[in-house]
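**Student:** First the structure, which I've put down as structure tokens, then a few questions once you've had a look.
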Amino acid sequence: MDALAIDPLDALRAIDRVSAEFADLPPEVVVKEDLLRRGVWFTPAALQQGQAFARKAYFIFSFDHVPLAQMDELVRTHAPEEIALAGGARGFRRVVVSVRLNPASPWVVDAEADGSVVLRCGSEPVTGVSFAPLPPYYGDELPDGTPITEVAPSIEWGYLLYLTVFRMCQYFGRDEECQFCDINRNFKQQREAGRPYFAIKPIERLLAALDRVAASGAVAGAYTLTGGSVTTQLEGMDEASFYIRYAEAIEDRFPGRWLGKMVVQALPRADIARIRASGIRIYHPNYEVWDPALFAELCPGKERYVGRSTWMARILDAAEVFTPAGVIPNFVAGIEMARPHGFRTEEEAWRSTAEGLEYFMSRGIAPRFTTWCPEPLSVLGKNNGPASLRYHAGLVRTWRDIHAAHGLPAPPGYGTPGIGNAVFSVSSFMDAIDPKTPVATLA
Ligand code: SF4
């Protein structure tokens, strides 16, 4: 675990050292992982260079290194959702990167005198930058006055509609909530900042937003229905019933228009079958971390209410309902290195993660990564900086090699794989796949 290295020269030296050690990874991946783990900052000139772009919508968590209240007003309200790196002195092929704001990061997006935008590490220009394209429906308001971006923001360069229909989680407080997660505190800070940010999305409002999205010609190809866990009841329903209503309503109004995905807990088989029957085609029962002791420490609510062994068994059950390609559990890359419980060496962590990947990939299930952003409003993020760059590069290589060894197709629902093509912005695993790898077909 390294503390945030503010010195840009140290950061650049680390980029070169890790790129040399992992020379079989695209070098763009190393810079992307560093931006994801450390965050990035923007100068006013970069944000005011005149082009329209999609601003950060805070679609579920904060994904920032500082609370909103401690952030400069211009950056807080104008930062883009994502940036793409391309060109520059290093001749980068395009990679799309989710924006995690950090005023202490050595990575700064700035504007040149000619109006072009660059990524600098300190004063050193590294690559050209473009901002997330503005979907044609952004700026619209719904009939009840709600900004459409509160209801149906786009990420992954416009590919994915991210529909967080429950912005809180019933795993509440440090004894229950996942220790890396700031969903409940982010909800509070967004409300305090005066943003329109609602705990539960009414179905009619969601459908009204999707009517606008569909009519606008937006390029979105998929949607994700998600939100916090339901441990008791929400609006009189259990977790599966609460989320399934949204899927049914969307598929009823727009049958098969977008590829439907759902992120909910690892549920019993009967609920999984109901989710599939509602029209959802990809199921994300996120296991977050593989090591059993770390799962118990870092996901105490999931451990208590479901239990790790049941959780993993239900992931395998889900593959019988959705087919293995339709089950994509998330792993939060980096939390297994966080103190006080995490691994002490990168090698130990790679071994543990590889064991989990082998367990799933040998059965045709390809987990995905989200690179951890230590959010200060989360339990772990209060006292931890990010995992090392070397850890993250090694983890992407581990994923790529186990995936290739099993001859698996690229995960569906993430657009085109490979460097220069991929749009998945919160990890580099899609950038690292051989571009010739076919994308899995779904049942
Ligand atoms: S289940 Fe865990 S990761 Fe998911 S919203 Fe709740 S606390 Fe966050």
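Residue numbers start at 1 in each chain; chains themselves are named A, B, ... in the order of the structure tokens; ligands are numbered from 1 in the order shown.
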Would you pick out the contacts of range 12-14 of chain A at 9 Å or less, using only C-alpha atoms, so that residues sharing its chain but fewer than 2 positions from it are not included, and give the list as a ChimeraX atom specification?
**Tutor:** /A:7-10,16-19,121,124,389-390
**Student:** For the interface of chain A with ligand 1 (cut-off 6 Å, counting only C-alpha atoms and all ligand atoms), please tabulate each contacting residue of chain A alongside its nearest pair of atoms and their separation in Å to one decimal, rows sorted by chain and increasing number, as JSON lines.
**Tutor:**
{"residue": "A:Cys169", "atom": "CA", "partner": "ligand 1", "partner_atom_place_in_ligand_line": "6 (Fe)", "distance": 4.7}
{"residue": "A:Tyr171", "atom": "CA", "partner": "ligand 1", "partner_atom_place_in_ligand_line": "6 (Fe)", "distance": 5.4}
{"residue": "A:Glu177", "atom": "CA", "partner": "ligand 1", "partner_atom_place_in_ligand_line": "7 (S)", "distance": 4.0}
{"residue": "A:Cys178", "atom": "CA", "partner": "ligand 1", "partner_atom_place_in_ligand_line": "2 (Fe)", "distance": 4.1}
{"residue": "A:Cys181", "atom": "CA", "partner": "ligand 1", "partner_atom_place_in_ligand_line": "8 (Fe)", "distance": 4.6}
{"residue": "A:Ile183", "atom": "CA", "partner": "ligand 1", "partner_atom_place_in_ligand_line": "8 (Fe)", "distance": 5.6}
{"residue": "A:Gly228", "atom": "CA", "partner": "ligand 1", "partner_atom_place_in_ligand_line": "5 (S)", "distance": 3.9}
{"residue": "A:Ser229", "atom": "CA", "partner": "ligand 1", "partner_atom_place_in_ligand_line": "1 (S)", "distance": 5.0}
**Student:** Skip Pro367 in chain A itself and residues of its chain fewer than 6 positions away, then list as a short mmCIF file (atom, residue, chain, number, x, y, z; two decimals) with N, CA and C atoms, in the first residue's frame all residues within 8 Å of it, counting only C-alpha atoms.
**Tutor:**
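Listed below is the output, result.cif:
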data_model
loop_
_atom_site.label_atom_id
_atom_site.label_comp_id
_atom_site.auth_asym_id
_atom_site.auth_seq_id
_atom_site.Cartn_x
_atom_site.Cartn_y
_atom_site.Cartn_z
N VAL A 327 -23.58 -14.33 -16.34
CA VAL A 327 -23.33 -14.06 -14.92
C VAL A 327 -21.95 -13.40 -14.81
N ILE A 328 -21.93 -12.14 -14.35
CA ILE A 328 -20.67 -11.39 -14.30
C ILE A 328 -20.56 -10.73 -12.92
N PRO A 329 -20.03 -11.46 -11.94
CA PRO A 329 -19.90 -10.86 -10.60
C PRO A 329 -18.74 -9.88 -10.55
N ASN A 330 -18.91 -8.83 -9.80
CA ASN A 330 -17.86 -7.81 -9.69
C ASN A 330 -16.90 -8.13 -8.54
N PHE A 331 -15.66 -7.71 -8.74
CA PHE A 331 -14.59 -7.81 -7.75
C PHE A 331 -14.00 -6.41 -7.63
N LEU A 357 -10.62 -16.26 -9.59
CA LEU A 357 -10.85 -16.20 -11.04
C LEU A 357 -10.84 -17.60 -11.64
N PHE A 360 -14.12 -19.43 -10.94
CA PHE A 360 -15.25 -19.03 -11.79
C PHE A 360 -14.97 -19.27 -13.27
N MET A 361 -13.79 -18.89 -13.72
CA MET A 361 -13.54 -18.97 -15.17
C MET A 361 -13.47 -20.42 -15.65
#
**Student:** Could you please determine the separation between CA of Leu35 in chain A and CA of Glu347 in chain A in Å, to one decimal place?
**Tutor:** 22.1 Å
**Student:** Which distance in Å separates CA of Ile335 in chain A and CA of Trp372 in chain A, to one decimal?
**Tutor:**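 We find that CA of Ile335 in chain A and CA of Trp372 in chain A lie 6.5 Å from each other.
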**Student:** Using only C-alpha atoms, find the one residue out of A:Ala393, A:Ile365, A:Ile83, A:Val75 that sits nearest to Gly334 in chain A.
**Tutor:**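 Selected residue with least distance to Gly334 in chain A: A:Ala393.
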**Student:** In Å, with one decimal, what is the gap from CA of Val423 in chain A to CA of Glu82 in chain A?
**Tutor:**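 Value for the CA of Val423 in chain A-CA of Glu82 in chain A distance: 9.9 Å.
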**Student:** Using DSSP on the backbone coordinates, identify the residues of range 58-297 of chain A assigned to helix (DSSP H, G or I); present them as a PyMOL selection string.
**Tutor:** chain A and resi 68-70+73-78+148-151+183-192+203-216+239-253+269-277+292-297
**Student:** Restricting the calculation to only C-alpha atoms: of A:Gly91, A:Gly217, A:Gly326, A:Pro196, which residue gets closest to Gly260 in chain A?
**Tutor:** A:Gly326
**Student:** Could you check which of A:Ile60, A:Ala84, A:Leu142, A:Ala333 is closest to Tyr162 in chain A, using only C-alpha atoms?
**Tutor:**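 Smallest distance to Tyr162 in chain A is found for A:Ile60.
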**Student:** Restricting the calculation to only C-alpha atoms: of A:Leu206, A:Ala293, A:Leu298, A:Ile275, which residue gets closest to Ile250 in chain A?
**Tutor:** A:Leu206
